[in-house]
Each structure stands twice: as structure tokens, then as C-alpha cells.
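Novice: This one is model_18.cif, mmCIF, C-alpha atoms, pLDDT in the B column; chains and numbers go by the auth columns.
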data_structure
loop_
_atom_site.group_PDB
_atom_site.id
_atom_site.type_symbol
_atom_site.label_atom_id
_atom_site.label_comp_id
_atom_site.label_asym_id
_atom_site.label_seq_id
_atom_site.Cartn_x
_atom_site.Cartn_y
_atom_site.Cartn_z
_atom_site.B_iso_or_equiv
_atom_site.auth_seq_id
_atom_site.auth_asym_id
ATOM 1 C CA ALA A 1 73.615 61.588 -28.306 90.00 1 A
ATOM 2 C CA HIS A 2 70.308 62.154 -26.634 91.00 2 A
ATOM 3 C CA PRO A 3 69.185 64.025 -24.597 91.00 3 A
ATOM 4 C CA VAL A 4 72.507 65.879 -24.241 93.00 4 A
ATOM 5 C CA PRO A 5 74.211 66.697 -27.569 94.00 5 A
ATOM 6 C CA ASP A 6 77.734 65.554 -28.384 95.00 6 A
ATOM 7 C CA GLN A 7 80.530 66.144 -30.904 97.00 7 A
ATOM 8 C CA ARG A 8 79.158 63.494 -33.288 97.00 8 A
ATOM 9 C CA GLY A 9 76.009 65.581 -33.684 96.00 9 A
ATOM 10 C CA VAL A 10 78.044 68.723 -34.318 97.00 10 A
ATOM 11 C CA ALA A 11 80.044 66.903 -37.011 98.00 11 A
ATOM 12 C CA ALA A 12 76.853 65.617 -38.630 97.00 12 A
ATOM 13 C CA VAL A 13 75.326 69.118 -38.777 98.00 13 A
ATOM 14 C CA GLU A 14 78.533 70.538 -40.226 98.00 14 A
ATOM 15 C CA LYS A 15 78.443 67.842 -42.912 98.00 15 A
ATOM 16 C CA MET A 16 74.789 68.611 -43.638 97.00 16 A
ATOM 17 C CA LEU A 17 75.466 72.342 -43.978 98.00 17 A
ATOM 18 C CA ARG A 18 78.357 71.712 -46.393 98.00 18 A
ATOM 19 C CA LEU A 19 75.857 70.132 -48.802 97.00 19 A
ATOM 20 C CA LYS A 20 74.659 73.592 -49.887 98.00 20 A
ATOM 21 C CA GLU A 21 78.041 74.567 -51.277 97.00 21 A
ATOM 22 C CA GLN A 22 79.075 71.066 -52.320 98.00 22 A
ATOM 23 C CA TYR A 23 76.032 70.683 -54.580 97.00 23 A
ATOM 24 C CA SER A 24 75.507 74.384 -55.349 98.00 24 A
ATOM 25 C CA ILE A 25 71.998 74.207 -53.904 98.00 25 A
ATOM 26 C CA GLY A 26 69.976 77.157 -55.142 97.00 26 A
ATOM 27 C CA LYS A 27 66.550 78.444 -56.138 97.00 27 A
ATOM 28 C CA GLU A 28 65.720 75.571 -58.488 98.00 28 A
ATOM 29 C CA ASP A 29 66.573 72.861 -55.971 98.00 29 A
ATOM 30 C CA LEU A 30 64.504 70.900 -53.484 98.00 30 A
ATOM 31 C CA VAL A 31 65.847 70.102 -50.026 98.00 31 A
ATOM 32 C CA LEU A 32 64.017 67.248 -48.324 98.00 32 A
ATOM 33 C CA CYS A 33 64.221 66.937 -44.538 97.00 33 A
ATOM 34 C CA LEU A 34 62.953 64.192 -42.266 97.00 34 A
ATOM 35 C CA LEU A 35 62.607 65.512 -38.734 96.00 35 A
ATOM 36 C CA SER A 36 61.545 63.716 -35.596 92.00 36 A
ATOM 37 C CA GLY A 37 61.544 63.950 -31.872 85.00 37 A
ATOM 38 C CA GLY A 38 65.055 63.950 -30.503 89.00 38 A
ATOM 39 C CA GLY A 39 66.259 66.210 -33.293 91.00 39 A
ATOM 40 C CA SER A 40 66.990 69.022 -30.851 91.00 40 A
ATOM 41 C CA ALA A 41 69.736 66.985 -29.208 93.00 41 A
ATOM 42 C CA LEU A 42 70.857 65.199 -32.362 95.00 42 A
ATOM 43 C CA MET A 43 71.378 68.382 -34.407 96.00 43 A
ATOM 44 C CA PRO A 44 73.629 70.594 -32.267 96.00 44 A
ATOM 45 C CA CYS A 45 75.039 73.643 -33.977 97.00 45 A
ATOM 46 C CA PRO A 46 76.242 76.104 -31.350 98.00 46 A
ATOM 47 C CA ALA A 47 75.509 79.721 -32.269 98.00 47 A
ATOM 48 C CA GLU A 48 78.520 81.920 -32.934 96.00 48 A
ATOM 49 C CA GLY A 49 80.262 82.609 -29.636 96.00 49 A
ATOM 50 C CA LEU A 50 79.111 79.376 -27.974 98.00 50 A
ATOM 51 C CA SER A 51 80.773 75.999 -27.606 98.00 51 A
ATOM 52 C CA LEU A 52 79.322 72.517 -27.521 97.00 52 A
ATOM 53 C CA GLU A 53 80.203 72.446 -23.830 98.00 53 A
ATOM 54 C CA ASP A 54 78.087 75.571 -23.287 98.00 54 A
ATOM 55 C CA LYS A 55 75.122 73.893 -24.958 96.00 55 A
ATOM 56 C CA GLN A 56 75.650 70.685 -22.985 97.00 56 A
ATOM 57 C CA ALA A 57 75.674 72.597 -19.694 97.00 57 A
ATOM 58 C CA VAL A 58 72.486 74.497 -20.562 97.00 58 A
ATOM 59 C CA THR A 59 70.758 71.308 -21.714 96.00 59 A
ATOM 60 C CA ARG A 60 71.586 69.484 -18.491 97.00 60 A
ATOM 61 C CA LEU A 61 70.370 72.393 -16.376 98.00 61 A
ATOM 62 C CA LEU A 62 67.149 72.788 -18.333 97.00 62 A
ATOM 63 C CA LEU A 63 66.374 69.071 -18.223 95.00 63 A
ATOM 64 C CA SER A 64 66.673 69.060 -14.436 97.00 64 A
ATOM 65 C CA SER A 65 64.881 72.390 -13.898 97.00 65 A
ATOM 66 C CA GLY A 66 61.273 71.365 -14.419 95.00 66 A
ATOM 67 C CA ALA A 67 60.961 73.393 -17.626 96.00 67 A
ATOM 68 C CA ASP A 68 58.572 71.928 -20.206 93.00 68 A
ATOM 69 C CA ILE A 69 59.613 71.011 -23.746 88.00 69 A
ATOM 70 C CA ASN A 70 58.390 74.295 -25.232 90.00 70 A
ATOM 71 C CA GLU A 71 60.425 76.286 -22.703 96.00 71 A
ATOM 72 C CA ILE A 72 63.504 74.126 -23.243 95.00 72 A
ATOM 73 C CA ASN A 73 63.208 74.456 -27.005 93.00 73 A
ATOM 74 C CA SER A 74 62.752 78.221 -26.774 96.00 74 A
ATOM 75 C CA VAL A 75 66.231 78.371 -25.260 98.00 75 A
ATOM 76 C CA ARG A 76 67.694 75.769 -27.641 97.00 76 A
ATOM 77 C CA LYS A 77 66.456 77.717 -30.677 97.00 77 A
ATOM 78 C CA HIS A 78 68.208 80.893 -29.606 98.00 78 A
ATOM 79 C CA LEU A 79 71.508 79.148 -28.878 98.00 79 A
ATOM 80 C CA SER A 80 71.615 77.381 -32.253 98.00 80 A
ATOM 81 C CA GLY A 81 72.691 78.065 -35.788 98.00 81 A
ATOM 82 C CA VAL A 82 70.023 75.723 -37.250 98.00 82 A
ATOM 83 C CA LYS A 83 67.049 75.515 -34.883 98.00 83 A
ATOM 84 C CA GLY A 84 64.108 77.903 -34.793 98.00 84 A
ATOM 85 C CA GLY A 85 63.829 78.079 -38.594 98.00 85 A
ATOM 86 C CA ARG A 86 67.490 78.823 -39.180 98.00 86 A
ATOM 87 C CA LEU A 87 68.075 75.630 -41.173 98.00 87 A
ATOM 88 C CA GLY A 88 65.250 76.575 -43.522 98.00 88 A
ATOM 89 C CA ARG A 89 66.668 80.076 -43.904 98.00 89 A
ATOM 90 C CA PHE A 90 70.161 78.634 -44.498 98.00 90 A
ATOM 91 C CA PHE A 91 68.957 76.598 -47.493 98.00 91 A
ATOM 92 C CA SER A 92 66.989 79.509 -48.954 98.00 92 A
ATOM 93 C CA PRO A 93 66.263 80.212 -51.768 98.00 93 A
ATOM 94 C CA ALA A 94 65.864 76.460 -52.354 98.00 94 A
ATOM 95 C CA THR A 95 62.471 74.978 -51.591 98.00 95 A
ATOM 96 C CA VAL A 96 62.622 73.017 -48.339 98.00 96 A
ATOM 97 C CA VAL A 97 60.078 70.271 -47.673 98.00 97 A
ATOM 98 C CA SER A 98 60.116 68.740 -44.206 98.00 98 A
ATOM 99 C CA LEU A 99 58.313 65.567 -43.229 98.00 99 A
ATOM 100 C CA ILE A 100 57.907 65.717 -39.466 96.00 100 A
ATOM 101 C CA LEU A 101 57.228 62.924 -36.990 95.00 101 A
ATOM 102 C CA SER A 102 55.836 64.439 -33.808 91.00 102 A
ATOM 103 C CA ASP A 103 56.689 63.559 -30.234 85.00 103 A
ATOM 104 C CA VAL A 104 55.176 66.788 -28.906 83.00 104 A
ATOM 105 C CA ILE A 105 51.671 66.914 -27.468 84.00 105 A
ATOM 106 C CA GLY A 106 49.604 69.082 -29.795 89.00 106 A
ATOM 107 C CA ASN A 107 52.041 68.584 -32.693 90.00 107 A
ATOM 108 C CA ASP A 108 53.453 72.123 -32.570 91.00 108 A
ATOM 109 C CA LEU A 109 55.750 72.157 -35.614 94.00 109 A
ATOM 110 C CA SER A 110 57.873 74.911 -34.099 94.00 110 A
ATOM 111 C CA ALA A 111 58.667 72.625 -31.142 90.00 111 A
ATOM 112 C CA ILE A 112 59.427 69.286 -32.826 93.00 112 A
ATOM 113 C CA ALA A 113 63.235 69.041 -33.109 94.00 113 A
ATOM 114 C CA SER A 114 63.152 72.763 -32.157 95.00 114 A
ATOM 115 C CA GLY A 115 61.616 73.636 -35.533 96.00 115 A
ATOM 116 C CA PRO A 116 64.664 73.872 -37.815 98.00 116 A
ATOM 117 C CA THR A 117 62.517 74.566 -40.897 98.00 117 A
ATOM 118 C CA PHE A 118 59.510 76.227 -39.231 98.00 118 A
ATOM 119 C CA PRO A 119 59.063 79.920 -38.333 98.00 119 A
ATOM 120 C CA ASP A 120 59.835 80.515 -34.672 98.00 120 A
ATOM 121 C CA PRO A 121 57.227 82.326 -32.592 97.00 121 A
ATOM 122 C CA THR A 122 59.657 82.718 -29.655 98.00 122 A
ATOM 123 C CA THR A 123 62.192 85.460 -29.073 98.00 123 A
ATOM 124 C CA TYR A 124 65.487 86.006 -27.286 98.00 124 A
ATOM 125 C CA ALA A 125 63.461 87.610 -24.494 98.00 125 A
ATOM 126 C CA ASP A 126 61.398 84.423 -24.165 98.00 126 A
ATOM 127 C CA ALA A 127 64.558 82.301 -23.931 98.00 127 A
ATOM 128 C CA TYR A 128 66.084 84.657 -21.374 98.00 128 A
ATOM 129 C CA GLY A 129 62.808 84.542 -19.437 98.00 129 A
ATOM 130 C CA VAL A 130 62.948 80.739 -19.227 98.00 130 A
ATOM 131 C CA LEU A 131 66.404 80.853 -17.647 98.00 131 A
ATOM 132 C CA GLN A 132 65.205 83.587 -15.314 98.00 132 A
ATOM 133 C CA LYS A 133 62.026 81.684 -14.365 98.00 133 A
ATOM 134 C CA TYR A 134 63.981 78.580 -13.363 98.00 134 A
ATOM 135 C CA ARG A 135 66.752 80.606 -11.654 98.00 135 A
ATOM 136 C CA LEU A 136 69.395 79.365 -14.077 98.00 136 A
ATOM 137 C CA LEU A 137 70.956 82.684 -15.160 98.00 137 A
ATOM 138 C CA SER A 138 73.710 82.420 -12.566 98.00 138 A
ATOM 139 C CA ARG A 139 74.303 78.729 -13.319 98.00 139 A
ATOM 140 C CA VAL A 140 74.571 78.673 -17.128 98.00 140 A
ATOM 141 C CA PRO A 141 77.855 79.640 -18.825 98.00 141 A
ATOM 142 C CA SER A 142 78.362 83.417 -19.008 98.00 142 A
ATOM 143 C CA SER A 143 78.651 83.145 -22.815 98.00 143 A
ATOM 144 C CA VAL A 144 75.022 81.970 -22.919 98.00 144 A
ATOM 145 C CA VAL A 145 73.786 84.898 -20.831 98.00 145 A
ATOM 146 C CA LYS A 146 75.797 87.349 -22.967 98.00 146 A
ATOM 147 C CA LEU A 147 74.365 85.898 -26.182 98.00 147 A
ATOM 148 C CA LEU A 148 70.770 86.072 -24.945 98.00 148 A
ATOM 149 C CA GLU A 149 71.237 89.584 -23.577 98.00 149 A
ATOM 150 C CA ALA A 150 72.695 90.720 -26.913 98.00 150 A
ATOM 151 C CA GLY A 151 69.690 89.175 -28.666 98.00 151 A
ATOM 152 C CA CYS A 152 67.288 90.946 -26.304 98.00 152 A
ATOM 153 C CA GLN A 153 69.024 94.225 -27.167 98.00 153 A
ATOM 154 C CA GLY A 154 68.635 93.580 -30.902 98.00 154 A
ATOM 155 C CA LEU A 155 72.351 93.014 -31.405 98.00 155 A
ATOM 156 C CA ARG A 156 71.832 89.479 -32.762 98.00 156 A
ATOM 157 C CA GLU A 157 69.551 88.466 -35.588 97.00 157 A
ATOM 158 C CA GLU A 158 66.300 86.980 -34.311 98.00 158 A
ATOM 159 C CA THR A 159 65.077 83.568 -35.440 98.00 159 A
ATOM 160 C CA PRO A 160 62.969 83.715 -38.639 98.00 160 A
ATOM 161 C CA LYS A 161 59.328 84.632 -38.113 98.00 161 A
ATOM 162 C CA GLU A 162 58.366 83.564 -41.634 98.00 162 A
ATOM 163 C CA LEU A 163 59.915 81.144 -44.109 98.00 163 A
ATOM 164 C CA ASN A 164 58.319 81.308 -47.535 98.00 164 A
ATOM 165 C CA ASN A 165 60.675 78.662 -48.946 98.00 165 A
ATOM 166 C CA CYS A 166 59.721 76.025 -46.348 98.00 166 A
ATOM 167 C CA HIS A 167 56.810 73.577 -46.378 98.00 167 A
ATOM 168 C CA ASN A 168 56.297 71.419 -43.302 97.00 168 A
ATOM 169 C CA TYR A 169 54.128 68.306 -43.139 96.00 169 A
#
Show me, as C-alpha cells, the structure contained in the file I just sent.
Specialist:
Amino acid sequence: AHPVPDQRGVAAVEKMLRLKEQYSIGKEDLVLCLLSGGGSALMPCPAEGLSLEDKQAVTRLLLSSGADINEINSVRKHLSGVKGGRLGRFFSPATVVSLILSDVIGNDLSAIASGPTFPDPTTYADAYGVLQKYRLLSRVPSSVVKLLEAGCQGLREETPKELNNCHNY
């Protein structure tokens, strides 16, 4: 579903992630990804402690807030198990090659589909700041605020800042 994720997307991501174990994907393997605009909504994978409903609520609020795509994706990356380079890290040590179709002005690879195989320049503090800027902290689910606050305190692993196994084109 686009622009608000749904259970079908969650099921598809779960199926995709099972491929690593199912095919024993390792260092000698190549993972090929085709990513395009819309991937942020179509690849929902709520971070541990969040539900799909939490992500849906945040998405709806962000879309109506006036936030730009980079701000929205900063939040999405930090509420996801696959965005912000986490998909690339998940398939490590395999080589990951992503072919990316851009819908983002300037073609920022960290923004297209929320950069699942690209190092993420944003932080939990950036994501928290977006919700603060648009006065959404009191409107998003408390689980989202708790997750972002824990990330800001260093209690959650940050999104990858480098991904040597990933090649994005």
C-alpha cells in the first residue's frame, strides 16, 4: 500500500528476509535489489518494539505535517528494521548490488525508498528533531517517542554509516 504501509508489505519484507537463511546467503553470494520510489511505504518492517499501526500513525501524521521527503525518511529510517542501510547490513557479508530508480529531486541515494542498502547520514536525534519541529511528539504513539529517545541516548544501535558490502547504482 502506498503511501501508508499495510500488512501485505510487512509480509513481503518478512518473506524477503527469510531468503538469507533459506538459501544460506553468505560471503560468496550476490544479492541483487531493485529499488524505486515508493519503497519506503512498500517495505514496512517495524523496528523492535513498534507495530505496523505505530508506523501507519506516524506516516499519516508526517504526510500531513508539511515535512519534506528527506525529513519524513529520516524518521522512517529510524523506525525500521530494513531502511537506512539496515537491509544492506542484514545481508552482509554477501555483496549487495542495488539498482535504484529515483523519484527524489537530486537523486539522494539515502532518500530513495529510505535507503535500505545505502549508508544513512541521519541519526535518531535528526528523526526526533523532525517530530519536534512539526509538533508531532505528543501526537505520535508513545512507543515511537520511547524508541527515538532510547536511540538518542545511545541505547539503540544507530543506522549504518558505512556499508562496504553494498554497491548502489
Novice: Quick one: apply the PyMOL selection byres ((chain A and resi 55-60) around 12) to the file and drop the selected residues here as a CSV table (one decimal) with C-alpha atoms, in the frame of the given file.
Specialist:
chain,number,residue,atom,x,y,z
A,1,ALA,CA,73.6,61.6,-28.3
A,2,HIS,CA,70.3,62.2,-26.6
A,3,PRO,CA,69.2,64.0,-24.6
A,4,VAL,CA,72.5,65.9,-24.2
A,5,PRO,CA,74.2,66.7,-27.6
A,6,ASP,CA,77.7,65.6,-28.4
A,7,GLN,CA,80.5,66.1,-30.9
A,9,GLY,CA,76.0,65.6,-33.7
A,10,VAL,CA,78.0,68.7,-34.3
A,40,SER,CA,67.0,69.0,-30.9
A,41,ALA,CA,69.7,67.0,-29.2
A,42,LEU,CA,70.9,65.2,-32.4
A,43,MET,CA,71.4,68.4,-34.4
A,44,PRO,CA,73.6,70.6,-32.3
A,45,CYS,CA,75.0,73.6,-34.0
A,46,PRO,CA,76.2,76.1,-31.4
A,47,ALA,CA,75.5,79.7,-32.3
A,48,GLU,CA,78.5,81.9,-32.9
A,49,GLY,CA,80.3,82.6,-29.6
A,50,LEU,CA,79.1,79.4,-28.0
A,51,SER,CA,80.8,76.0,-27.6
A,52,LEU,CA,79.3,72.5,-27.5
A,53,GLU,CA,80.2,72.4,-23.8
A,54,ASP,CA,78.1,75.6,-23.3
A,61,LEU,CA,70.4,72.4,-16.4
A,62,LEU,CA,67.1,72.8,-18.3
A,63,LEU,CA,66.4,69.1,-18.2
A,64,SER,CA,66.7,69.1,-14.4
A,65,SER,CA,64.9,72.4,-13.9
A,66,GLY,CA,61.3,71.4,-14.4
A,67,ALA,CA,61.0,73.4,-17.6
A,69,ILE,CA,59.6,71.0,-23.7
A,71,GLU,CA,60.4,76.3,-22.7
A,72,ILE,CA,63.5,74.1,-23.2
A,73,ASN,CA,63.2,74.5,-27.0
A,74,SER,CA,62.8,78.2,-26.8
A,75,VAL,CA,66.2,78.4,-25.3
A,76,ARG,CA,67.7,75.8,-27.6
A,77,LYS,CA,66.5,77.7,-30.7
A,78,HIS,CA,68.2,80.9,-29.6
A,79,LEU,CA,71.5,79.1,-28.9
A,80,SER,CA,71.6,77.4,-32.3
A,81,GLY,CA,72.7,78.1,-35.8
A,127,ALA,CA,64.6,82.3,-23.9
A,130,VAL,CA,62.9,80.7,-19.2
A,131,LEU,CA,66.4,80.9,-17.6
A,134,TYR,CA,64.0,78.6,-13.4
A,136,LEU,CA,69.4,79.4,-14.1
A,137,LEU,CA,71.0,82.7,-15.2
A,138,SER,CA,73.7,82.4,-12.6
A,139,ARG,CA,74.3,78.7,-13.3
A,140,VAL,CA,74.6,78.7,-17.1
A,141,PRO,CA,77.9,79.6,-18.8
A,142,SER,CA,78.4,83.4,-19.0
A,143,SER,CA,78.7,83.1,-22.8
A,144,VAL,CA,75.0,82.0,-22.9
A,145,VAL,CA,73.8,84.9,-20.8
Novice: Output the residue selection produced by the PyMOL selection byres ((chain A and resi 100-108) around 7) on the file above, formatted as a ChimeraX atom specification.
Specialist: /A:34-37,98-99,109-112,169
Novice: The PyMOL selection byres ((chain A and resi 159) around 7) on the file shown: which residues, as number ranges by chain?
Specialist: A: 84-86, 120, 157-158, 160-161
Novice: May I ask for the distance between atom CA of A:Ser92 and atom CA of A:Pro116, given in Å to one decimal place?
Specialist: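 Between atom CA of A:Ser92 and atom CA of A:Pro116 the gap works out to 12.7 Å.
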Novice: Would you mind telling me which residue in A:Lys133, A:Lys27, A:Lys20, A:Lys146 lies nearest to A:Leu87 when using all atoms listed in the file?
Specialist: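 The answer is A:Lys20, which sits nearest to A:Leu87.
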Novice: Report the distance between atom CA of A:Asn165 and atom CA of A:Thr117 in Å, rounded to one decimal place.
Specialist: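 Those two atoms sit 9.2 Å apart.
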Novice: Find the axis-aligned box for stretch 63-71 of chain A, covering all its listed atoms and adding 3 Å on each side, and write its centre and edge lengths in Å to one decimal as JSON.
Specialist:
{"center_x": 62.5, "center_y": 72.7, "center_z": -19.6, "size_x": 14.3, "size_y": 13.2, "size_z": 17.3}
Novice: Which neighbours of A:Leu155 fall inside 12 Å, counting all atoms listed in the file, when residues of the same chain fewer than 6 positions from it are skipped, and could you give them as an NGL selection string?
Specialist: :A and (124 or 146-149)
Novice: Would you pick out the contacts of A:Leu17 at 9 Å or less, using all atoms listed in the file, so that residues sharing its chain but fewer than 4 positions from it are not included, and give the list as a ChimeraX atom specification?
Specialist: /A:12-13,21,87,90-91
Novice: Please, could you write that set of residues out with C-alpha atoms as a PDB file, keeping the file's coordinate frame?
Specialist:
ATOM      1  CA  ALA A  12      76.853  65.617 -38.630  1.00 97.00           C
ATOM      2  CA  VAL A  13      75.326  69.118 -38.777  1.00 98.00           C
ATOM      3  CA  GLU A  21      78.041  74.567 -51.277  1.00 97.00           C
ATOM      4  CA  LEU A  87      68.075  75.630 -41.173  1.00 98.00           C
ATOM      5  CA  PHE A  90      70.161  78.634 -44.498  1.00 98.00           C
ATOM      6  CA  PHE A  91      68.957  76.598 -47.493  1.00 98.00           C
TER       7      PHE A  91
END
Novice: Can you work out the spacing between atom CA of A:Leu32 and atom CA of A:Ala11 in Å, to one decimal?
Specialist: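 Computing it gives 19.6 Å between the two atoms.
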Novice: Using all atoms listed in the file, determine which residues lie at most 9 Å from A:Asp29, disregarding the query and same-chain residues fewer than 2 positions distant; provide the list as a PDB file with C-alpha atoms, in the coordinates of the input.
Specialist:
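As a result, part-v9.pdb now contains:
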ATOM      1  CA  ILE A  25      71.998  74.207 -53.904  1.00 98.00           C
ATOM      2  CA  GLY A  26      69.976  77.157 -55.142  1.00 97.00           C
ATOM      3  CA  LYS A  27      66.550  78.444 -56.138  1.00 97.00           C
ATOM      4  CA  VAL A  31      65.847  70.102 -50.026  1.00 98.00           C
ATOM      5  CA  PRO A  93      66.263  80.212 -51.768  1.00 98.00           C
ATOM      6  CA  ALA A  94      65.864  76.460 -52.354  1.00 98.00           C
ATOM      7  CA  THR A  95      62.471  74.978 -51.591  1.00 98.00           C
ATOM      8  CA  VAL A  96      62.622  73.017 -48.339  1.00 98.00           C
TER       9      VAL A  96
END
Novice: Restricting the calculation to only C-alpha atoms, which member of A:Val82, A:Cys152, A:Val97, A:Cys166 is positioned closest to A:Tyr128?
Specialist: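 Going through A:Val82, A:Cys152, A:Val97, A:Cys166 one by one, the smallest distance to A:Tyr128 is for A:Cys152.
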